$ cat entry.cif   # mmCIF, C-alpha atoms
data_target
loop_
_atom_site.group_PDB
_atom_site.id
_atom_site.type_symbol
_atom_site.label_atom_id
_atom_site.label_comp_id
_atom_site.auth_asym_id
_atom_site.auth_seq_id
_atom_site.Cartn_x
_atom_site.Cartn_y
_atom_site.Cartn_z
ATOM 1 C CA MET T 118 0.000 0.000 0.000
ATOM 2 C CA TYR T 119 1.127 3.535 -0.790
ATOM 3 C CA GLY T 120 0.049 7.099 -0.122
ATOM 4 C CA ILE T 121 0.722 10.766 -0.790
ATOM 5 C CA CYS T 122 0.327 13.892 1.308
ATOM 6 C CA ASN T 123 -2.602 15.941 -0.035
ATOM 7 C CA LEU T 124 -2.573 18.504 2.800
ATOM 8 C CA ASN T 125 -0.109 21.344 3.291
ATOM 9 C CA ILE T 126 1.711 20.026 6.388
ATOM 10 C CA VAL T 127 1.077 16.723 8.186
ATOM 11 C CA PRO T 128 2.713 15.733 11.509
ATOM 12 C CA CYS T 129 4.550 12.417 11.598
ATOM 13 C CA ARG T 130 4.817 10.673 14.970
ATOM 14 C CA LYS T 131 7.305 8.367 16.640
ATOM 15 C CA GLU T 132 4.473 6.098 17.822
ATOM 16 C CA PRO T 133 0.854 5.612 16.649
ATOM 17 C CA SER T 134 -0.650 8.232 18.957
ATOM 18 C CA ASP T 135 -1.503 11.933 18.866
ATOM 19 C CA LYS T 136 0.370 12.177 22.169
ATOM 20 C CA SER T 137 3.588 10.808 20.674
ATOM 21 C CA GLU T 138 6.380 13.206 19.714
ATOM 22 C CA MET T 139 6.489 14.578 16.197
ATOM 23 C CA THR T 140 9.668 13.326 14.511
ATOM 24 C CA THR T 141 9.181 14.895 11.076
ATOM 25 C CA GLN T 142 6.520 16.310 8.781
ATOM 26 C CA LEU T 143 5.104 15.528 5.371
ATOM 27 C CA LEU T 144 4.716 18.491 3.040
ATOM 28 C CA PHE T 145 2.202 18.553 0.199
ATOM 29 C CA GLY T 146 3.033 16.085 -2.555
ATOM 30 C CA GLU T 147 5.425 13.863 -0.616
ATOM 31 C CA HIS T 148 4.768 10.168 -1.251
ATOM 32 C CA PHE T 149 5.423 7.113 0.879
ATOM 33 C CA GLN T 150 5.022 3.383 1.362
ATOM 34 C CA ILE T 151 2.645 2.102 4.041
ATOM 35 C CA LEU T 152 4.405 -0.535 6.147
ATOM 36 C CA GLU T 153 1.780 -1.310 8.778
ATOM 37 C CA THR T 154 -1.581 -0.175 10.091
ATOM 38 C CA GLN T 155 -2.780 0.029 13.688
ATOM 39 C CA GLY T 156 -6.290 1.349 14.187
ATOM 40 C CA ASN T 157 -6.378 4.904 12.833
ATOM 41 C CA TRP T 158 -2.624 4.994 12.243
ATOM 42 C CA CYS T 159 -0.259 3.965 9.447
ATOM 43 C CA GLN T 160 3.441 3.362 9.777
ATOM 44 C CA ILE T 161 5.090 4.743 6.647
ATOM 45 C CA LYS T 162 8.455 4.936 4.904
ATOM 46 C CA ILE T 163 8.857 8.299 3.163
ATOM 47 C CA GLY T 164 9.942 7.964 -0.455
ATOM 48 C CA TYR T 165 12.407 10.868 -0.380
ATOM 49 C CA ASP T 166 14.614 9.771 2.519
ATOM 50 C CA ASN T 167 13.274 6.354 3.669
ATOM 51 C CA TYR T 168 12.381 7.870 7.046
ATOM 52 C CA GLU T 169 9.935 5.733 9.045
ATOM 53 C CA CYS T 170 7.187 7.257 11.181
ATOM 54 C CA TRP T 171 3.452 7.123 11.919
ATOM 55 C CA ILE T 172 0.674 9.258 10.439
ATOM 56 C CA ASP T 173 -3.081 9.506 10.885
ATOM 57 C CA LYS T 174 -5.125 7.634 8.248
ATOM 58 C CA LYS T 175 -7.277 10.732 7.725
ATOM 59 C CA GLN T 176 -4.355 12.885 6.622
ATOM 60 C CA PHE T 177 -3.280 11.444 3.283
ATOM 61 C CA SER T 178 -4.595 10.087 0.004
ATOM 62 C CA PRO T 179 -3.962 6.439 -1.037
ATOM 63 C CA ILE T 180 -2.191 5.870 -4.350
ATOM 64 C CA GLU T 181 -1.427 2.803 -6.467
ATOM 65 C CA GLN T 182 2.031 1.245 -6.651
ATOM 66 C CA HIS T 183 2.474 2.350 -10.268
ATOM 67 C CA THR T 184 1.887 5.966 -9.177
ATOM 68 C CA PHE T 185 4.416 5.541 -6.380
ATOM 69 C CA ASP T 186 6.930 4.124 -8.867
ATOM 70 C CA ILE T 187 6.360 7.013 -11.274
ATOM 71 C CA LEU T 188 6.850 9.578 -8.507
ATOM 72 C CA ASN T 189 10.039 7.792 -7.451
ATOM 73 C CA SER T 190 11.516 7.807 -10.938
ATOM 74 C CA THR T 191 10.458 11.100 -12.542
ATOM 75 C CA GLU T 192 11.924 14.592 -12.221
ATOM 76 C CA THR T 193 10.739 16.386 -9.095
ATOM 77 C CA TYR T 194 9.279 19.894 -9.101
ATOM 78 C CA LEU T 195 9.246 21.880 -5.861
ATOM 79 C CA SER T 196 7.405 25.035 -4.836
ATOM 80 C CA ASN T 197 9.890 27.872 -4.442
ATOM 81 C CA GLU T 198 8.029 30.556 -2.487
ATOM 82 C CA LEU T 199 7.730 30.762 1.283
ATOM 83 C CA ILE T 200 3.994 30.268 0.873
ATOM 84 C CA GLN T 201 1.804 29.936 -2.212
ATOM 85 C CA ILE T 202 -1.737 28.889 -3.051
ATOM 86 C CA ILE T 203 -2.648 25.640 -4.794
ATOM 87 C CA THR T 204 -6.224 24.899 -5.866
ATOM 88 C CA ASP T 205 -8.074 21.580 -5.800
ATOM 89 C CA LYS T 206 -9.726 21.598 -9.221
ATOM 90 C CA LYS T 207 -12.504 19.163 -8.259
ATOM 91 C CA THR T 208 -13.817 21.341 -5.437
ATOM 92 C CA ALA T 209 -12.325 24.689 -6.539
ATOM 93 C CA THR T 210 -10.858 24.913 -3.037
ATOM 94 C CA PRO T 211 -7.624 26.893 -2.635
ATOM 95 C CA PHE T 212 -5.210 26.167 0.205
ATOM 96 C CA PRO T 213 -1.649 27.228 1.057
ATOM 97 C CA ILE T 214 1.493 25.179 0.617
ATOM 98 C CA VAL T 215 4.970 26.049 1.888
ATOM 99 C CA ILE T 216 8.356 26.238 0.210
ATOM 100 C CA GLY T 217 9.836 22.847 -0.652
ATOM 101 C CA SER T 218 6.462 21.186 -1.199
ATOM 102 C CA THR T 219 6.434 18.668 -4.044
ATOM 103 C CA LEU T 220 4.406 19.309 -7.189
ATOM 104 C CA PRO T 221 3.681 15.742 -8.357
ATOM 105 C CA CYS T 222 3.466 15.061 -12.087
ATOM 106 C CA PHE T 223 3.665 18.804 -12.682
ATOM 107 C CA ASP T 224 3.001 20.081 -16.187
ATOM 108 C CA ASN T 225 1.866 23.459 -17.479
ATOM 109 C CA GLY T 226 0.681 24.713 -14.076
ATOM 110 C CA GLU T 227 -1.142 21.527 -13.119
ATOM 111 C CA CYS T 228 -0.320 18.791 -10.575
ATOM 112 C CA ILE T 229 -1.945 15.403 -11.041
ATOM 113 C CA ILE T 230 -2.321 12.707 -8.382
ATOM 114 C CA GLU T 231 -4.147 9.852 -10.149
ATOM 115 C CA ASN T 232 -7.739 11.126 -10.536
ATOM 116 C CA GLN T 233 -7.119 14.330 -8.583
ATOM 117 C CA SER T 234 -5.656 17.498 -10.100
ATOM 118 C CA TYR T 235 -4.518 20.850 -8.712
ATOM 119 C CA ASP T 236 -3.751 24.240 -10.257
ATOM 120 C CA TYR T 237 -0.508 25.919 -9.239
ATOM 121 C CA ASP T 238 0.785 29.148 -10.787
ATOM 122 C CA GLY T 239 3.497 30.054 -8.291
ATOM 123 C CA ALA T 240 7.284 29.864 -8.589
ATOM 124 C CA TYR T 241 8.845 26.419 -8.794
ATOM 125 C CA ILE T 242 12.177 24.715 -9.355
ATOM 126 C CA THR T 243 13.241 21.253 -10.387
ATOM 127 C CA GLY T 244 14.821 18.925 -7.858
ATOM 128 C CA VAL T 245 17.946 18.499 -9.983
ATOM 129 C CA LEU T 246 19.327 22.040 -9.935
ATOM 130 C CA PRO T 247 23.120 22.424 -10.024
ATOM 131 C CA PHE T 248 24.497 23.022 -6.540
ATOM 132 C CA THR T 249 26.066 26.473 -6.033
ATOM 133 C CA LYS T 250 27.386 28.216 -2.936
ATOM 134 C CA LEU T 251 25.472 31.390 -3.743
ATOM 135 C CA GLY T 252 22.286 29.441 -4.293
ATOM 136 C CA ILE T 253 22.462 27.524 -1.030
ATOM 137 C CA THR T 254 23.096 30.751 0.903
ATOM 138 C CA GLU T 255 20.085 32.458 -0.668
ATOM 139 C CA ILE T 256 17.842 29.494 0.111
ATOM 140 C CA ALA T 257 19.074 29.218 3.710
ATOM 141 C CA LEU T 258 18.400 32.914 4.317
ATOM 142 C CA MET T 259 14.762 32.460 3.259
ATOM 143 C CA TYR T 260 14.243 30.489 6.490
ATOM 144 C CA LEU T 261 15.891 33.117 8.704
ATOM 145 C CA ASN T 262 13.935 33.655 11.971
ATOM 146 C CA ALA T 263 11.710 30.615 11.389
ATOM 147 C CA PRO T 264 10.868 29.324 14.891
ATOM 148 C CA TYR T 265 12.447 26.112 16.111
ATOM 149 C CA LEU T 266 10.057 23.153 16.131
ATOM 150 C CA TRP T 267 11.138 19.595 16.908
ATOM 151 C CA GLY T 268 10.373 17.549 13.778
ATOM 152 C CA GLY T 269 9.471 20.626 11.727
ATOM 153 C CA LYS T 270 10.295 21.184 8.043
ATOM 154 C CA SER T 271 8.572 24.474 7.199
ATOM 155 C CA PRO T 272 9.148 28.236 7.617
ATOM 156 C CA PHE T 273 6.464 28.117 10.336
ATOM 157 C CA GLY T 274 8.513 25.703 12.454
ATOM 158 C CA ILE T 275 11.684 23.762 11.703
ATOM 159 C CA ASP T 276 14.391 21.822 13.525
ATOM 160 C CA CYS T 277 18.118 21.834 12.821
ATOM 161 C CA SER T 278 18.278 18.794 10.546
ATOM 162 C CA GLY T 279 14.933 19.620 8.921
ATOM 163 C CA PHE T 280 16.446 22.982 8.039
ATOM 164 C CA THR T 281 19.577 21.515 6.471
ATOM 165 C CA GLN T 282 17.577 18.838 4.645
ATOM 166 C CA MET T 283 15.149 21.368 3.155
ATOM 167 C CA VAL T 284 17.866 23.828 2.128
ATOM 168 C CA TYR T 285 19.797 21.062 0.400
ATOM 169 C CA LYS T 286 16.611 19.652 -1.149
ATOM 170 C CA LEU T 287 15.867 23.042 -2.688
ATOM 171 C CA SER T 288 19.482 23.083 -3.883
ATOM 172 C CA GLY T 289 19.060 19.761 -5.695
ATOM 173 C CA VAL T 290 20.923 17.584 -3.174
ATOM 174 C CA LYS T 291 19.392 14.800 -1.068
ATOM 175 C CA LEU T 292 20.150 14.620 2.665
ATOM 176 C CA GLN T 293 18.860 12.144 5.208
ATOM 177 C CA ARG T 294 16.435 13.409 7.847
ATOM 178 C CA ASP T 295 18.296 13.412 11.195
ATOM 179 C CA ALA T 296 21.586 15.093 12.080
ATOM 180 C CA TYR T 297 23.367 11.849 12.984
ATOM 181 C CA GLN T 298 22.303 10.359 9.625
ATOM 182 C CA GLN T 299 23.485 13.406 7.703
ATOM 183 C CA ALA T 300 26.838 13.138 9.500
ATOM 184 C CA ASP T 301 27.445 9.849 7.638
ATOM 185 C CA GLN T 302 27.154 11.554 4.261
ATOM 186 C CA GLY T 303 29.813 13.398 2.302
ATOM 187 C CA GLU T 304 33.540 13.948 2.800
ATOM 188 C CA THR T 305 35.006 14.692 6.235
ATOM 189 C CA LEU T 306 37.085 17.854 6.564
ATOM 190 C CA SER T 307 40.048 18.006 8.938
ATOM 191 C CA PHE T 308 40.087 21.699 9.853
ATOM 192 C CA VAL T 309 37.616 24.570 10.147
ATOM 193 C CA GLU T 310 39.881 26.542 7.827
ATOM 194 C CA GLU T 311 38.996 24.074 5.043
ATOM 195 C CA ALA T 312 35.271 24.722 5.374
ATOM 196 C CA GLU T 313 33.483 26.541 2.566
ATOM 197 C CA ILE T 314 30.024 28.031 2.152
ATOM 198 C CA GLY T 315 27.435 25.252 2.173
ATOM 199 C CA ASP T 316 29.484 22.716 4.121
ATOM 200 C CA LEU T 317 27.751 21.105 7.101
ATOM 201 C CA ALA T 318 29.016 21.404 10.670
ATOM 202 C CA PHE T 319 27.908 18.844 13.268
ATOM 203 C CA PHE T 320 27.867 19.215 17.032
ATOM 204 C CA ASP T 321 27.633 16.693 19.866
ATOM 205 C CA ASN T 322 26.381 16.569 23.448
ATOM 206 C CA GLU T 323 28.187 15.480 26.616
ATOM 207 C CA GLU T 324 27.605 11.823 25.742
ATOM 208 C CA GLY T 325 29.273 12.304 22.362
ATOM 209 C CA ARG T 326 26.058 11.905 20.342
ATOM 210 C CA ILE T 327 25.581 14.192 17.353
ATOM 211 C CA THR T 328 22.571 16.320 18.186
ATOM 212 C CA HIS T 329 22.910 19.470 16.068
ATOM 213 C CA VAL T 330 23.825 20.561 12.550
ATOM 214 C CA GLY T 331 24.207 23.859 10.716
ATOM 215 C CA ILE T 332 25.320 25.287 7.352
ATOM 216 C CA VAL T 333 28.634 27.101 7.101
ATOM 217 C CA LEU T 334 28.523 30.651 5.720
ATOM 218 C CA GLU T 335 31.339 33.013 4.809
ATOM 219 C CA HIS T 336 33.235 35.223 7.285
ATOM 220 C CA ASN T 337 33.275 32.617 10.090
ATOM 221 C CA LYS T 338 29.490 32.453 10.355
ATOM 222 C CA ILE T 339 26.992 29.617 10.512
ATOM 223 C CA ILE T 340 23.229 29.487 9.951
ATOM 224 C CA HIS T 341 21.319 26.960 12.041
ATOM 225 C CA ALA T 342 18.016 26.323 13.833
ATOM 226 C CA SER T 343 18.347 26.903 17.580
ATOM 227 C CA GLY T 344 15.359 28.666 19.099
ATOM 228 C CA LYS T 345 14.923 30.062 15.622
ATOM 229 C CA VAL T 346 16.877 29.936 12.392
ATOM 230 C CA ARG T 347 19.730 32.298 13.185
ATOM 231 C CA ILE T 348 23.241 33.313 12.161
ATOM 232 C CA ASP T 349 26.015 33.012 14.741
ATOM 233 C CA GLY T 350 29.777 33.008 14.911
ATOM 234 C CA PHE T 351 31.617 29.782 14.162
ATOM 235 C CA ASP T 352 35.142 28.526 14.853
ATOM 236 C CA HIS T 353 37.089 25.389 15.815
ATOM 237 C CA GLN T 354 35.351 25.264 19.222
ATOM 238 C CA GLY T 355 31.835 25.476 17.910
ATOM 239 C CA ILE T 356 28.990 27.979 17.635
ATOM 240 C CA PHE T 357 29.398 31.294 19.424
ATOM 241 C CA ASN T 358 25.984 32.718 20.343
ATOM 242 C CA ASN T 359 26.125 36.408 19.515
ATOM 243 C CA GLU T 360 23.406 37.320 22.008
ATOM 244 C CA LYS T 361 24.658 35.337 25.004
ATOM 245 C CA LYS T 362 28.322 35.980 24.179
ATOM 246 C CA ASP T 363 29.155 32.361 24.848
ATOM 247 C CA TYR T 364 29.493 29.051 23.004
ATOM 248 C CA SER T 365 26.191 27.217 22.583
ATOM 249 C CA HIS T 366 27.308 24.103 20.654
ATOM 250 C CA ARG T 367 30.537 22.077 20.621
ATOM 251 C CA LEU T 368 31.942 21.202 17.187
ATOM 252 C CA ARG T 369 32.259 17.490 16.429
ATOM 253 C CA LEU T 370 32.979 17.293 12.687
ATOM 254 C CA LEU T 371 32.675 19.026 9.339
ATOM 255 C CA LYS T 372 31.330 17.503 6.132
ATOM 256 C CA ARG T 373 31.369 18.532 2.480
ATOM 257 C CA ILE T 374 28.343 16.973 0.878
ATOM 258 C CA ILE T 375 29.073 18.019 -2.699
#

$ encode --input "entry.cif" --output "structure tokens"
Amino acid sequence: MYGICNLNIVPCRKEPSDKSEMTTQLLFGEHFQILETQGNWCQIKIGYDNYECWIDKKQFSPIEQHTFDILNSTETYLSNELIQIITDKKTATPFPIVIGSTLPCFDNGECIIENQSYDYDGAYITGVLPFTKLGITEIALMYLNAPYLWGGKSPFGIDCSGFTQMVYKLSGVKLQRDAYQQADQGETLSFVEEAEIGDLAFFDNEEGRITHVGIVLEHNKIIHASGKVRIDGFDHQGIFNNEKKDYSHRLRLLKRII
């Protein structure tokens, strides 16, 4: 069984319960495989990053396997405005979607999900754009001041690894969902002095577990989600919080993804 997100933002839970923590979100147009069902809940594996989580049965639309396969194998189009309106053609109902939402089977301003179609006339990009340092900086800055939200992936609430994943997704590069997973990708750098714009910096806690990630900017700066998406100082020790005048995160490693 397979499904697709037909709402703007859907919470994904660690366990099959509304009381369980949100571990990530589905944005409009993201597709997935259904692994298991329990009552009103489905355990899913998200097509983009293979992330497993639970969602409410009422918050997605079922699709056939051939549709899932097509979505997995065709060029991806993504919305490229902080917020834009998409319209359900069957009911003539408009609703908002956020930046980084998928436009499935997009052609000439129309998205098609099997027998359902939507009109979209906003800005969009393809998911195979060439990666550039200038481009990744511009995309990252679009999320500036977005509030921190555990499991979030949108400008209305985002966590540290959701932020890096979405910025890279909009830059045409696929990252895994969680910081510790992203830390296994790319090429390890030996020194902070080697870091360039767009490289990822990872930070650990007292137990040595990687718990935070940010994107390196120029002039010894980093952009990351901590309380909000913010820009702070960055050096071989870690992140220097400009407001508290102290280090907030301890550097563990640096990675160049592309």

$ residues_around --input "entry.cif" --residues "Lys372 of chain T" --least-positions-apart "6" --cutoff "7 Å" --atoms "all atoms listed in the file" --output "MDAnalysis selection string"
chainID T and resid 303:306 316:318

$ closest_residue --input "entry.cif" --among "T:Gly156, T:Gly355, T:Gly164, T:Gly274" --to "Asp321 of chain T" --atoms "all atoms listed in the file"
T:Gly355

$ resolve_selection --input "entry.cif" --expression "the PyMOL selection byres ((chain T and resi 184) around 12)" --output "ChimeraX atom specification"
/T:118-121,148-150,178-183,185-191,221-222,229-232

$ resolve_selection --input "entry.cif" --expression "the PyMOL selection byres ((chain T and resi 134) around 9)" --output "MDAnalysis selection string"
chainID T and resid 130:133 135:138 158 171:173

$ closest_residue --input "entry.cif" --among "T:Leu152, T:Leu261, T:Val284, T:Cys159" --to "Gly217 of chain T" --atoms "only C-alpha atoms"
T:Val284

$ resolve_selection --input "entry.cif" --expression "the PyMOL selection byres ((chain T and resi 168) around 12)" --output "PyMOL selection string"
chain T and resi 129-131+140-143+147-152+160-167+169-171+268+292-295+298

$ closest_residue --input "entry.cif" --among "T:Lys175, T:Arg347, T:Arg326, T:Lys207" --to "Arg367 of chain T" --atoms "only C-alpha atoms"
T:Arg326

$ closest_residue --input "entry.cif" --among "T:Arg369, T:Lys206, T:His353, T:Lys270" --to "Phe319 of chain T" --atoms "all atoms listed in the file"
T:Arg369

$ closest_residue --input "entry.cif" --among "T:Leu368, T:Ala342, T:Asp352, T:His336" --to "Glu323 of chain T" --atoms "only C-alpha atoms"
T:Leu368

$ atom_distance --input "entry.cif" --atom1 "atom CA of Tyr285 of chain T" --atom2 "atom CA of Tyr364 of chain T"
25.9 Å

$ residues_around --input "entry.cif" --residues "Ile340 of chain T" --least-positions-apart "6" --cutoff "10 Å" --atoms "all atoms listed in the file" --output "number ranges by chain"
T: 254, 257-258, 260-261, 277, 280-281, 315, 317-318, 330-334, 346-351, 356

$ atom_distance --input "entry.cif" --atom1 "atom CA of Leu144 of chain T" --atom2 "atom CA of Leu124 of chain T"
7.3 Å

$ atom_distance --input "entry.cif" --atom1 "atom CA of Leu370 of chain T" --atom2 "atom CA of Met283 of chain T"
20.6 Å

$ closest_residue --input "entry.cif" --among "T:Thr219, T:Ile327, T:Ser271, T:Phe320" --to "Ser365 of chain T" --atoms "only C-alpha atoms"
T:Phe320

$ residues_around --input "entry.cif" --residues "Gly226 of chain T" --least-positions-apart "4" --cutoff "12 Å" --atoms "only C-alpha atoms" --output "PyMOL selection string"
chain T and resi 194+196+203-204+206+220-222+234-241

$ write_last_selection --input "entry.cif" --atoms "C-alpha atoms" --output "mmCIF file, in the coordinates of the input"
data_model
loop_
_atom_site.group_PDB
_atom_site.id
_atom_site.type_symbol
_atom_site.label_atom_id
_atom_site.label_comp_id
_atom_site.auth_asym_id
_atom_site.auth_seq_id
_atom_site.Cartn_x
_atom_site.Cartn_y
_atom_site.Cartn_z
ATOM 1 C CA TYR T 194 9.279 19.894 -9.101
ATOM 2 C CA SER T 196 7.405 25.035 -4.836
ATOM 3 C CA ILE T 203 -2.648 25.640 -4.794
ATOM 4 C CA THR T 204 -6.224 24.899 -5.866
ATOM 5 C CA LYS T 206 -9.726 21.598 -9.221
ATOM 6 C CA LEU T 220 4.406 19.309 -7.189
ATOM 7 C CA PRO T 221 3.681 15.742 -8.357
ATOM 8 C CA CYS T 222 3.466 15.061 -12.087
ATOM 9 C CA SER T 234 -5.656 17.498 -10.100
ATOM 10 C CA TYR T 235 -4.518 20.850 -8.712
ATOM 11 C CA ASP T 236 -3.751 24.240 -10.257
ATOM 12 C CA TYR T 237 -0.508 25.919 -9.239
ATOM 13 C CA ASP T 238 0.785 29.148 -10.787
ATOM 14 C CA GLY T 239 3.497 30.054 -8.291
ATOM 15 C CA ALA T 240 7.284 29.864 -8.589
ATOM 16 C CA TYR T 241 8.845 26.419 -8.794
#

$ residues_around --input "entry.cif" --residues "segment 210-216 of chain T" --least-positions-apart "3" --cutoff "6 Å" --atoms "only C-alpha atoms" --output "PDB file with C-alpha atoms, in the coordinates of the input"
ATOM      1  CA  ASN T 125      -0.109  21.344   3.291  1.00  0.00           C
ATOM      2  CA  SER T 196       7.405  25.035  -4.836  1.00  0.00           C
ATOM      3  CA  ASN T 197       9.890  27.872  -4.442  1.00  0.00           C
ATOM      4  CA  GLU T 198       8.029  30.556  -2.487  1.00  0.00           C
ATOM      5  CA  LEU T 199       7.730  30.762   1.283  1.00  0.00           C
ATOM      6  CA  ILE T 200       3.994  30.268   0.873  1.00  0.00           C
ATOM      7  CA  GLN T 201       1.804  29.936  -2.212  1.00  0.00           C
ATOM      8  CA  ILE T 202      -1.737  28.889  -3.051  1.00  0.00           C
ATOM      9  CA  ILE T 203      -2.648  25.640  -4.794  1.00  0.00           C
ATOM     10  CA  THR T 204      -6.224  24.899  -5.866  1.00  0.00           C
ATOM     11  CA  ASP T 205      -8.074  21.580  -5.800  1.00  0.00           C
TER      12      ASP T 205
END

$ residues_near_point --input "entry.cif" --point "(16.2, 29.0, 17.1)" --cutoff "8 Å" --atoms "all atoms listed in the file" --output "ChimeraX atom specification"
/T:262-265,341-347
